[in-house]
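What follows is structure_31.pdb (PDB, C-alpha atoms).
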ATOM      1  CA  MET T  48      92.998  89.170  99.459
ATOM      2  CA  GLY T  49      96.793  88.789  99.344
ATOM      3  CA  GLU T  50      96.565  85.491  97.473
ATOM      4  CA  ASN T  51      94.919  87.286  94.546
ATOM      5  CA  LEU T  52      97.740  89.788  94.161
ATOM      6  CA  THR T  53     100.755  89.593  91.883
ATOM      7  CA  TRP T  54     103.774  91.876  92.178
ATOM      8  CA  LEU T  55     104.387  93.769  88.936
ATOM      9  CA  THR T  56     108.035  93.849  87.920
ATOM     10  CA  HIS T  57     108.750  97.179  86.244
ATOM     11  CA  ASN T  58     110.589  97.318  82.943
ATOM     12  CA  VAL T  59     112.073 100.632  84.074
ATOM     13  CA  THR T  60     114.158 100.241  87.236
ATOM     14  CA  LYS T  61     115.157 102.606  90.013
ATOM     15  CA  GLU T  62     118.626 102.661  88.474
ATOM     16  CA  ASP T  63     117.155 103.735  85.126
ATOM     17  CA  ARG T  64     115.224 106.578  86.735
ATOM     18  CA  SER T  65     118.201 107.662  88.832
ATOM     19  CA  LYS T  66     120.472 107.696  85.789
ATOM     20  CA  ILE T  67     118.201 110.180  84.011
ATOM     21  CA  LYS T  68     118.253 112.419  87.093
ATOM     22  CA  GLN T  69     122.008 111.893  87.512
ATOM     23  CA  GLN T  70     121.731 111.371  91.234
ATOM     24  CA  LYS T  71     121.744 108.704  93.917
ATOM     25  CA  PRO T  72     118.317 108.374  95.591
ATOM     26  CA  CYS T  73     118.109 108.054  99.355
ATOM     27  CA  LEU T  74     115.916 108.823 102.356
ATOM     28  CA  LEU T  75     117.042 111.523 104.780
ATOM     29  CA  TRP T  76     114.952 110.862 107.903
ATOM     30  CA  VAL T  77     114.923 113.853 110.288
ATOM     31  CA  THR T  78     113.755 112.899 113.788
ATOM     32  CA  GLY T  79     113.594 114.773 117.090
ATOM     33  CA  LEU T  80     111.294 116.435 119.582
ATOM     34  CA  SER T  81     108.738 119.067 118.667
ATOM     35  CA  GLY T  82     110.615 122.358 118.480
ATOM     36  CA  SER T  83     114.000 120.718 117.840
ATOM     37  CA  GLY T  84     114.201 122.313 114.379
ATOM     38  CA  LYS T  85     113.139 119.440 112.124
ATOM     39  CA  SER T  86     111.013 121.415 109.671
ATOM     40  CA  THR T  87     113.524 124.283 109.573
ATOM     41  CA  ILE T  88     116.469 121.978 108.846
ATOM     42  CA  ALA T  89     114.495 119.864 106.359
ATOM     43  CA  ASN T  90     113.359 122.954 104.452
ATOM     44  CA  ALA T  91     116.846 124.452 104.416
ATOM     45  CA  LEU T  92     118.366 121.187 103.233
ATOM     46  CA  GLU T  93     115.857 120.805 100.422
ATOM     47  CA  SER T  94     116.449 124.415  99.356
ATOM     48  CA  PHE T  95     120.202 123.766  99.198
ATOM     49  CA  LEU T  96     119.770 120.571  97.167
ATOM     50  CA  ASN T  97     117.259 122.248  94.854
ATOM     51  CA  GLU T  98     119.697 125.076  94.162
ATOM     52  CA  LYS T  99     122.240 122.405  93.208
ATOM     53  CA  LYS T 100     119.678 121.003  90.730
ATOM     54  CA  TYR T 101     118.968 117.772  92.621
ATOM     55  CA  HIS T 102     115.505 116.211  92.401
ATOM     56  CA  THR T 103     114.038 116.164  95.906
ATOM     57  CA  PHE T 104     110.785 115.917  97.808
ATOM     58  CA  LEU T 105     110.060 116.844 101.429
ATOM     59  CA  LEU T 106     107.502 114.821 103.382
ATOM     60  CA  ASP T 107     106.585 116.825 106.488
ATOM     61  CA  GLY T 108     104.755 115.156 109.360
ATOM     62  CA  ASP T 109     102.156 117.892 109.807
ATOM     63  CA  ASN T 110     101.492 118.115 106.072
ATOM     64  CA  LEU T 111     100.961 114.350 105.845
ATOM     65  CA  ARG T 112      98.319 114.555 108.577
ATOM     66  CA  TYR T 113      96.281 116.912 106.378
ATOM     67  CA  GLY T 114      95.871 114.175 103.781
ATOM     68  CA  LEU T 115      97.439 110.714 103.709
ATOM     69  CA  ASN T 116      97.410 110.306 107.495
ATOM     70  CA  LYS T 117      94.466 112.513 108.466
ATOM     71  CA  ASP T 118      92.610 109.518 109.903
ATOM     72  CA  LEU T 119      95.348 108.861 112.481
ATOM     73  CA  GLY T 120      95.617 110.165 116.032
ATOM     74  CA  PHE T 121      98.566 110.003 118.407
ATOM     75  CA  THR T 122      98.272 106.699 120.253
ATOM     76  CA  GLN T 123     101.320 104.452 119.985
ATOM     77  CA  ALA T 124      99.555 102.230 117.427
ATOM     78  CA  GLU T 125      98.517 105.228 115.337
ATOM     79  CA  ARG T 126     102.007 106.699 115.474
ATOM     80  CA  THR T 127     103.381 103.376 114.272
ATOM     81  CA  GLU T 128     100.940 103.358 111.354
ATOM     82  CA  ASN T 129     101.852 106.988 110.594
ATOM     83  CA  ILE T 130     105.511 105.982 110.285
ATOM     84  CA  ARG T 131     104.706 102.852 108.279
ATOM     85  CA  ARG T 132     102.719 104.792 105.676
ATOM     86  CA  THR T 133     105.317 107.533 105.469
ATOM     87  CA  GLY T 134     108.089 104.986 105.005
ATOM     88  CA  GLU T 135     106.229 103.257 102.180
ATOM     89  CA  VAL T 136     105.610 106.580 100.410
ATOM     90  CA  ALA T 137     109.264 107.533 100.845
ATOM     91  CA  LYS T 138     110.281 104.206  99.326
ATOM     92  CA  LEU T 139     108.140 104.914  96.260
ATOM     93  CA  PHE T 140     109.853 108.288  95.870
ATOM     94  CA  THR T 141     113.299 106.711  96.035
ATOM     95  CA  GLU T 142     112.185 104.126  93.465
ATOM     96  CA  ALA T 143     111.464 107.149  91.267
ATOM     97  CA  GLY T 144     115.076 108.262  91.735
ATOM     98  CA  ILE T 145     114.285 111.074  94.169
ATOM     99  CA  ILE T 146     116.245 112.251  97.218
ATOM    100  CA  VAL T 147     113.533 112.208  99.894
ATOM    101  CA  ILE T 148     113.581 114.215 103.113
ATOM    102  CA  VAL T 149     111.193 113.171 105.881
ATOM    103  CA  SER T 150     110.575 115.439 108.865
ATOM    104  CA  LEU T 151     108.761 113.540 111.621
ATOM    105  CA  ILE T 152     109.035 113.261 115.398
ATOM    106  CA  SER T 153     108.916 109.449 114.928
ATOM    107  CA  PRO T 154     109.490 108.775 118.633
ATOM    108  CA  TYR T 155     109.911 104.988 118.633
ATOM    109  CA  ARG T 156     113.143 103.233 117.631
ATOM    110  CA  ALA T 157     111.325 100.137 116.396
ATOM    111  CA  ASP T 158     109.245 102.200 113.974
ATOM    112  CA  ARG T 159     112.286 103.979 112.568
ATOM    113  CA  GLN T 160     114.076 100.643 112.260
ATOM    114  CA  SER T 161     111.131  99.167 110.350
ATOM    115  CA  VAL T 162     111.459 101.980 107.799
ATOM    116  CA  ARG T 163     115.233 101.507 107.587
ATOM    117  CA  GLU T 164     114.635  97.862 106.685
ATOM    118  CA  LEU T 165     112.645  98.913 103.600
ATOM    119  CA  PHE T 166     115.802 100.388 102.088
ATOM    120  CA  GLN T 167     119.109  99.132 100.795
ATOM    121  CA  ASP T 168     122.242  99.641 102.880
ATOM    122  CA  GLY T 169     123.255 103.288 102.894
ATOM    123  CA  GLU T 170     119.924 104.554 101.518
ATOM    124  CA  PHE T 171     118.312 105.332 104.891
ATOM    125  CA  ILE T 172     120.102 108.196 106.627
ATOM    126  CA  GLU T 173     118.881 108.966 110.133
ATOM    127  CA  ILE T 174     119.364 112.594 111.140
ATOM    128  CA  TYR T 175     118.789 113.051 114.864
ATOM    129  CA  LEU T 176     118.120 116.551 116.137
ATOM    130  CA  SER T 177     119.316 116.125 119.717
ATOM    131  CA  THR T 178     118.205 119.591 120.804
ATOM    132  CA  PRO T 179     117.452 119.307 124.569
ATOM    133  CA  LEU T 180     113.851 119.206 125.774
ATOM    134  CA  GLU T 181     114.219 122.414 127.795
ATOM    135  CA  ILE T 182     115.323 124.287 124.664
ATOM    136  CA  CYS T 183     112.493 122.818 122.581
ATOM    137  CA  GLU T 184     109.998 123.720 125.281
ATOM    138  CA  LYS T 185     111.381 127.231 125.568
ATOM    139  CA  ARG T 186     110.976 127.709 121.806
ATOM    140  CA  ASP T 187     107.502 126.101 121.717
ATOM    141  CA  PRO T 188     106.702 127.606 118.271
ATOM    142  CA  LYS T 189     103.191 126.123 118.181
ATOM    143  CA  GLY T 190     102.364 126.520 121.883
ATOM    144  CA  LEU T 191     102.061 122.743 122.174
ATOM    145  CA  TYR T 192     104.240 122.189 125.238
ATOM    146  CA  LYS T 193     102.215 124.712 127.205
ATOM    147  CA  LYS T 194      99.021 122.847 126.311
ATOM    148  CA  ALA T 195     100.619 119.471 127.043
ATOM    149  CA  ARG T 196     101.786 120.629 130.485
ATOM    150  CA  VAL T 197      98.195 121.425 131.512
ATOM    151  CA  GLY T 198      96.808 118.210 130.036
ATOM    152  CA  GLU T 199      95.134 119.716 126.977
ATOM    153  CA  ILE T 200      97.169 117.497 124.610
ATOM    154  CA  PRO T 201      97.395 113.821 125.616
ATOM    155  CA  ASN T 202     100.202 111.524 124.425
ATOM    156  CA  PHE T 203     102.536 114.450 123.780
ATOM    157  CA  THR T 204     106.087 113.350 123.013
ATOM    158  CA  GLY T 205     108.600 114.410 125.636
ATOM    159  CA  ILE T 206     105.921 115.219 128.235
ATOM    160  CA  SER T 207     103.317 112.454 128.524
ATOM    161  CA  SER T 208     104.664 110.128 125.854
ATOM    162  CA  PRO T 209     108.256 108.893 125.434
ATOM    163  CA  TYR T 210     110.835 109.797 122.815
ATOM    164  CA  GLU T 211     113.385 107.048 122.197
ATOM    165  CA  SER T 212     116.584 108.696 120.990
ATOM    166  CA  PRO T 213     118.447 107.045 118.116
ATOM    167  CA  ILE T 214     121.367 104.935 119.330
ATOM    168  CA  LYS T 215     123.562 105.245 116.242
ATOM    169  CA  PRO T 216     122.166 107.906 113.909
ATOM    170  CA  GLU T 217     124.154 108.682 110.802
ATOM    171  CA  ILE T 218     124.103 112.365 111.751
ATOM    172  CA  ASN T 219     123.544 114.097 115.103
ATOM    173  CA  LEU T 220     122.654 117.804 115.181
ATOM    174  CA  ASP T 221     121.920 120.020 118.182
ATOM    175  CA  THR T 222     120.234 123.151 116.859
ATOM    176  CA  SER T 223     120.752 124.905 120.200
ATOM    177  CA  LYS T 224     124.501 124.835 119.480
ATOM    178  CA  GLN T 225     124.637 124.948 115.680
ATOM    179  CA  THR T 226     123.201 127.532 113.328
ATOM    180  CA  ILE T 227     121.078 126.469 110.368
ATOM    181  CA  GLU T 228     124.047 127.146 108.085
ATOM    182  CA  GLU T 229     126.374 125.025 110.235
ATOM    183  CA  SER T 230     123.826 122.214 110.349
ATOM    184  CA  ILE T 231     123.369 122.202 106.566
ATOM    185  CA  LYS T 232     127.140 122.244 106.088
ATOM    186  CA  LYS T 233     127.498 119.186 108.329
ATOM    187  CA  LEU T 234     124.676 117.381 106.522
ATOM    188  CA  CYS T 235     126.134 118.121 103.118
ATOM    189  CA  SER T 236     129.608 117.012 104.185
ATOM    190  CA  TYR T 237     128.095 113.619 104.934
ATOM    191  CA  LEU T 238     126.248 113.535 101.608
ATOM    192  CA  TYR T 239     129.446 114.444  99.727
ATOM    193  CA  GLU T 240     131.408 111.806 101.622
ATOM    194  CA  LYS T 241     128.871 109.100 100.743
ATOM    195  CA  GLU T 242     128.774 110.373  97.134
ATOM    196  CA  ILE T 243     125.036 110.979  97.290
ATOM    197  CA  ILE T 244     125.711 114.459  95.950
ATOM    198  CA  GLN T 245     128.695 115.750  94.023
ATOM    199  CA  SER T 246     130.719 118.848  94.861
TER     200      SER T 246
END
Please lay out the structure from this file as structure tokens.
Amino acid sequence: MGENLTWLTHNVTKEDRSKIKQQKPCLLWVTGLSGSGKSTIANALESFLNEKKYHTFLLDGDNLRYGLNKDLGFTQAERTENIRRTGEVAKLFTEAGIIVIVSLISPYRADRQSVRELFQDGEFIEIYLSTPLEICEKRDPKGLYKKARVGEIPNFTGISSPYESPIKPEINLDTSKQTIEESIKKLCSYLYEKEIIQS
């Protein structure tokens, strides 16, 4: 099949699209355990950027499993495919000049690295929510840890399936020690420093 395909070179480039939006596209990849605060931080960050008139889109792991990835389960191979698809969609959004926020557990380093390699240097920004497991389990907003502990949910990250922490994330946040406001301030300081957004 591949031999019958030809890559279409667009007349309009990512730079052209970004210029119209007056922004620098990138991928903000939020990773961490269930209950670490990924969706909360991702939502708050997008709200902040939207108020500043930046063009954004949030790709949430649960939302993606209602549609694009609804055929995938939670084996290691299926998780890898989940990340691969999400990374490709995120790349399309950045090609459109959008600042993309992804909120996904994404437990395996190799999978996150494979997404990073889709992007130019500085475009993939890994945001690690290092909130400790005991805090995440205590929060347990969806009651998932309780089910995982009694074997009702197999392959549950942090309990019966591993989470490989990022070694050198661009940003490290512990939501058990930082408020949402403090976390967003730290994130935005990085974005200002890298001139992704303007003050």
Expressed in Å to a single decimal, how great is the separation between atom CA of T:Glu211 and atom CA of T:Ser83?
->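 Value for the atom CA of T:Glu211-atom CA of T:Ser83 distance: 14.4 Å.
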For each of T:Gly198, T:Thr87, T:Ser177, T:Lys185, take the minimum atom-to-atom distance to T:Leu105, counting all atoms listed in the file, then give the residue where this is smallest.
->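 For T:Leu105, the nearest of the given residues is T:Thr87.
Using only C-alpha atoms, the residues found no farther than 9 Å from stretch 119-125 of chain T, other than those of its own chain fewer than 3 positions away, are T:Arg112, T:Asn116, T:Glu128, T:Asn129, T:Ile130, T:Tyr155, T:Pro201, T:Asn202, T:Phe203, T:Ser208.
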Keeping only C-alpha atoms, write the selected residues as a PDB file, in the coordinates of the input.
ATOM      1  CA  ARG T 112      98.319 114.555 108.577  1.00  0.00           C
ATOM      2  CA  ASN T 116      97.410 110.306 107.495  1.00  0.00           C
ATOM      3  CA  GLU T 128     100.940 103.358 111.354  1.00  0.00           C
ATOM      4  CA  ASN T 129     101.852 106.988 110.594  1.00  0.00           C
ATOM      5  CA  ILE T 130     105.511 105.982 110.285  1.00  0.00           C
ATOM      6  CA  TYR T 155     109.911 104.988 118.633  1.00  0.00           C
ATOM      7  CA  PRO T 201      97.395 113.821 125.616  1.00  0.00           C
ATOM      8  CA  ASN T 202     100.202 111.524 124.425  1.00  0.00           C
ATOM      9  CA  PHE T 203     102.536 114.450 123.780  1.00  0.00           C
ATOM     10  CA  SER T 208     104.664 110.128 125.854  1.00  0.00           C
TER      11      SER T 208
END
Return as a PDB file with C-alpha atoms, in the frame of the given file the set of residues that the PyMOL selection byres ((chain T and resi 183) around 10) yields on the displayed structure.
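Result went into part.pdb, see below:
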ATOM      1  CA  GLY T  79     113.594 114.773 117.090  1.00  0.00           C
ATOM      2  CA  LEU T  80     111.294 116.435 119.582  1.00  0.00           C
ATOM      3  CA  SER T  81     108.738 119.067 118.667  1.00  0.00           C
ATOM      4  CA  GLY T  82     110.615 122.358 118.480  1.00  0.00           C
ATOM      5  CA  SER T  83     114.000 120.718 117.840  1.00  0.00           C
ATOM      6  CA  GLY T  84     114.201 122.313 114.379  1.00  0.00           C
ATOM      7  CA  SER T 177     119.316 116.125 119.717  1.00  0.00           C
ATOM      8  CA  THR T 178     118.205 119.591 120.804  1.00  0.00           C
ATOM      9  CA  PRO T 179     117.452 119.307 124.569  1.00  0.00           C
ATOM     10  CA  LEU T 180     113.851 119.206 125.774  1.00  0.00           C
ATOM     11  CA  GLU T 181     114.219 122.414 127.795  1.00  0.00           C
ATOM     12  CA  ILE T 182     115.323 124.287 124.664  1.00  0.00           C
ATOM     13  CA  GLU T 184     109.998 123.720 125.281  1.00  0.00           C
ATOM     14  CA  LYS T 185     111.381 127.231 125.568  1.00  0.00           C
ATOM     15  CA  ARG T 186     110.976 127.709 121.806  1.00  0.00           C
ATOM     16  CA  ASP T 187     107.502 126.101 121.717  1.00  0.00           C
ATOM     17  CA  PRO T 188     106.702 127.606 118.271  1.00  0.00           C
ATOM     18  CA  TYR T 192     104.240 122.189 125.238  1.00  0.00           C
ATOM     19  CA  GLY T 205     108.600 114.410 125.636  1.00  0.00           C
ATOM     20  CA  THR T 222     120.234 123.151 116.859  1.00  0.00           C
ATOM     21  CA  SER T 223     120.752 124.905 120.200  1.00  0.00           C
TER      22      SER T 223
END
Between T:Glu199, T:Glu228, T:Glu98, T:Glu170, single out the one closest to T:Lys71, counting only C-alpha atoms.
->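 Comparing T:Glu199, T:Glu228, T:Glu98, T:Glu170 against T:Lys71, the winner is T:Glu170.
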If you apply the PyMOL selection byres ((chain T and resi 219) around 12) to this file, what residues do you get, as an NGL selection string?
-> :T and (76-79 or 83 or 172-178 or 212-218 or 220-222 or 224-225 or 230-231 or 233-234 or 237)
Report the distance between atom CA of T:Ala143 and atom CA of T:Ile243 in Å, rounded to one decimal place.
->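 Here the two named atoms are 15.3 Å from each other.
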